[in-house]
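Here is the structure we will look at, set down as structure tokens.
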Amino acid sequence: GEDVEQSLFLSVREGDSSVINCTYTDSSSTYLYWYKQEPGAGLQLLTYIFSNMDMKQDQRLTVLLNKKDKHLSLRIADTQTGDSAIYFCAETQGGKLIFGQGTELSVKP
Amino acid sequence: DTGVSQDPRHKITKRGQNVTFRCDPISEHNRLYWYRQTLGQGPEFLTYFQNEAQLEKSRLLSDRFSAERPKGSFSTLEIQRTEQGDSAMYLCASSLGSQGVFLAFFGQGTRLTVV
């Protein structure tokens with residue numbers, strides 16, 4: 001089947017903004033999600049966006065959705081060392097979530 | 001703690017043995033999902049339930065895998081005759097919904113090592 005695609009690595013300096021990109025496949029996805037995973041842990045739901053929205057802001061997080069290009073991005077403002085983790089985007093396909101491979105964010109002090 | 005709970009957190013088993021994992025979802029959630037995650041990969045869908053009904057099972061899922069949710073609350077995932085390739089993190093999630101997925105919350109996972 002088609003894959004949800006993400007770049008694998010991103011490295012930023014503390015205090016900078018991080019932008020993690022994702023290309024999804026199912027244009028009928030009702031919601032699109034961003035999850036965060038720290039080493040050895042489960043997935044933490046960070047934020048989500050409804051498919052009829054272009055943008056959603058939640059504190060330091062901004063989600064942008066371009067439905068035409070099936071492109072989703074997550075911007076983290078003022079990135080901190082505690083933001084170092086793997087970030088997964090997910091689309092809804094039927095009754096389930098389909099995930100990308102994850103982007104490993106490394107924040108250097 | 002009212003989150004999704006998985007048990008055990010870690011399991012080491014010998015090849016050929018059967019293993020069973022348990023997931024307790026958030027209490028009011030009617031949907032329950034099982035995923036498998038290997039190192040460097042995103043979670044891979046295995047199966048999901050709405051209440052006690054198993055609505056979808058991945059084509060990739062071997063017939064050695066079976067999942068149940070007998071009373072629409074907790075779920076078990078059993079792997080029979082384990083193989084080394086079954087070594088992975090098994091994640092459970094739950095959500096509320098009748099159409100599509102809305103706000104799925106994950107447990108901490110069960111890490112299976114087959115030796």
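Convention: chains lettered A, B, ... in structure tokens order; per-chain residue numbering from 1; ligands numbered from 1 as shown.
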Any chance you could tabulate, as JSON lines, the residues of chain B at most 12 Å from chain A with each one's nearest atom pair and distance in Å to one decimal, using only C-alpha atoms, in chain and rising number order?
{"residue": "B:Gly3", "atom": "CA", "partner": "A:Gln44", "partner_atom": "CA", "distance": 11.1}
{"residue": "B:Val4", "atom": "CA", "partner": "A:Gly42", "partner_atom": "CA", "distance": 10.2}
{"residue": "B:Ser5", "atom": "CA", "partner": "A:Gly42", "partner_atom": "CA", "distance": 10.7}
{"residue": "B:Gln6", "atom": "CA", "partner": "A:Gly42", "partner_atom": "CA", "distance": 10.3}
{"residue": "B:Arg9", "atom": "CA", "partner": "A:Ala41", "partner_atom": "CA", "distance": 10.2}
{"residue": "B:His10", "atom": "CA", "partner": "A:Gly40", "partner_atom": "CA", "distance": 10.8}
{"residue": "B:Arg31", "atom": "CA", "partner": "A:Gly95", "partner_atom": "CA", "distance": 9.2}
{"residue": "B:Leu32", "atom": "CA", "partner": "A:Lys96", "partner_atom": "CA", "distance": 9.8}
{"residue": "B:Tyr33", "atom": "CA", "partner": "A:Lys96", "partner_atom": "CA", "distance": 7.8}
{"residue": "B:Trp34", "atom": "CA", "partner": "A:Lys96", "partner_atom": "CA", "distance": 10.0}
{"residue": "B:Tyr35", "atom": "CA", "partner": "A:Leu97", "partner_atom": "CA", "distance": 9.7}
{"residue": "B:Arg36", "atom": "CA", "partner": "A:Gly42", "partner_atom": "CA", "distance": 11.3}
{"residue": "B:Gln37", "atom": "CA", "partner": "A:Gln101", "partner_atom": "CA", "distance": 10.0}
{"residue": "B:Thr38", "atom": "CA", "partner": "A:Gln101", "partner_atom": "CA", "distance": 10.4}
{"residue": "B:Leu39", "atom": "CA", "partner": "A:Gln101", "partner_atom": "CA", "distance": 10.1}
{"residue": "B:Gly40", "atom": "CA", "partner": "A:Gln101", "partner_atom": "CA", "distance": 7.2}
{"residue": "B:Gln41", "atom": "CA", "partner": "A:Gln101", "partner_atom": "CA", "distance": 4.9}
{"residue": "B:Gly42", "atom": "CA", "partner": "A:Gln101", "partner_atom": "CA", "distance": 4.3}
{"residue": "B:Pro43", "atom": "CA", "partner": "A:Phe99", "partner_atom": "CA", "distance": 6.2}
{"residue": "B:Glu44", "atom": "CA", "partner": "A:Phe99", "partner_atom": "CA", "distance": 7.3}
{"residue": "B:Phe45", "atom": "CA", "partner": "A:Ile98", "partner_atom": "CA", "distance": 7.0}
{"residue": "B:Leu46", "atom": "CA", "partner": "A:Lys96", "partner_atom": "CA", "distance": 9.8}
{"residue": "B:Thr47", "atom": "CA", "partner": "A:Lys96", "partner_atom": "CA", "distance": 8.7}
{"residue": "B:Tyr48", "atom": "CA", "partner": "A:Lys96", "partner_atom": "CA", "distance": 7.5}
{"residue": "B:Phe49", "atom": "CA", "partner": "A:Gly95", "partner_atom": "CA", "distance": 9.5}
{"residue": "B:Gln50", "atom": "CA", "partner": "A:Gly95", "partner_atom": "CA", "distance": 9.4}
{"residue": "B:Gln54", "atom": "CA", "partner": "A:Gly95", "partner_atom": "CA", "distance": 11.4}
{"residue": "B:Leu55", "atom": "CA", "partner": "A:Gly95", "partner_atom": "CA", "distance": 8.5}
{"residue": "B:Glu56", "atom": "CA", "partner": "A:Gly95", "partner_atom": "CA", "distance": 8.3}
{"residue": "B:Lys57", "atom": "CA", "partner": "A:Lys96", "partner_atom": "CA", "distance": 10.6}
{"residue": "B:Ser58", "atom": "CA", "partner": "A:Lys96", "partner_atom": "CA", "distance": 10.7}
{"residue": "B:Arg59", "atom": "CA", "partner": "A:Gly1", "partner_atom": "CA", "distance": 11.2}
{"residue": "B:Leu60", "atom": "CA", "partner": "A:Gly1", "partner_atom": "CA", "distance": 11.5}
{"residue": "B:Ala88", "atom": "CA", "partner": "A:Gly40", "partner_atom": "CA", "distance": 11.5}
{"residue": "B:Met89", "atom": "CA", "partner": "A:Gly42", "partner_atom": "CA", "distance": 9.1}
{"residue": "B:Tyr90", "atom": "CA", "partner": "A:Gly42", "partner_atom": "CA", "distance": 9.5}
{"residue": "B:Leu91", "atom": "CA", "partner": "A:Gly42", "partner_atom": "CA", "distance": 7.2}
{"residue": "B:Cys92", "atom": "CA", "partner": "A:Gly42", "partner_atom": "CA", "distance": 9.0}
{"residue": "B:Ala93", "atom": "CA", "partner": "A:Leu43", "partner_atom": "CA", "distance": 9.2}
{"residue": "B:Ser94", "atom": "CA", "partner": "A:Lys96", "partner_atom": "CA", "distance": 10.6}
{"residue": "B:Ser95", "atom": "CA", "partner": "A:Lys96", "partner_atom": "CA", "distance": 10.1}
{"residue": "B:Leu96", "atom": "CA", "partner": "A:Gly95", "partner_atom": "CA", "distance": 11.2}
{"residue": "B:Gly97", "atom": "CA", "partner": "A:Gly95", "partner_atom": "CA", "distance": 9.1}
{"residue": "B:Ser98", "atom": "CA", "partner": "A:Gly95", "partner_atom": "CA", "distance": 8.6}
{"residue": "B:Gln99", "atom": "CA", "partner": "A:Gly95", "partner_atom": "CA", "distance": 6.8}
{"residue": "B:Gly100", "atom": "CA", "partner": "A:Gly95", "partner_atom": "CA", "distance": 4.4}
{"residue": "B:Val101", "atom": "CA", "partner": "A:Gly95", "partner_atom": "CA", "distance": 5.7}
{"residue": "B:Phe102", "atom": "CA", "partner": "A:Tyr31", "partner_atom": "CA", "distance": 7.3}
{"residue": "B:Leu103", "atom": "CA", "partner": "A:Leu45", "partner_atom": "CA", "distance": 7.7}
{"residue": "B:Ala104", "atom": "CA", "partner": "A:Leu45", "partner_atom": "CA", "distance": 7.6}
{"residue": "B:Phe105", "atom": "CA", "partner": "A:Leu45", "partner_atom": "CA", "distance": 6.6}
{"residue": "B:Phe106", "atom": "CA", "partner": "A:Leu43", "partner_atom": "CA", "distance": 5.7}
{"residue": "B:Gly107", "atom": "CA", "partner": "A:Gly42", "partner_atom": "CA", "distance": 5.8}
{"residue": "B:Gln108", "atom": "CA", "partner": "A:Gly42", "partner_atom": "CA", "distance": 4.1}
{"residue": "B:Gly109", "atom": "CA", "partner": "A:Gly42", "partner_atom": "CA", "distance": 5.8}
{"residue": "B:Thr110", "atom": "CA", "partner": "A:Gly42", "partner_atom": "CA", "distance": 9.3}
{"residue": "B:Arg111", "atom": "CA", "partner": "A:Gly40", "partner_atom": "CA", "distance": 8.9}
Could you find all residues in chain A that DSSP calls strand (DSSP E or B) from the backbone, and write them as a ChimeraX atom specification?
/A:5-6,9-13,18-23,31-37,43-50,55-58,61-66,71-76,85-93,96-99,103-108
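Note that CA of Leu61 in chain B and CA of Gly85 in chain B are 12.5 Å apart.
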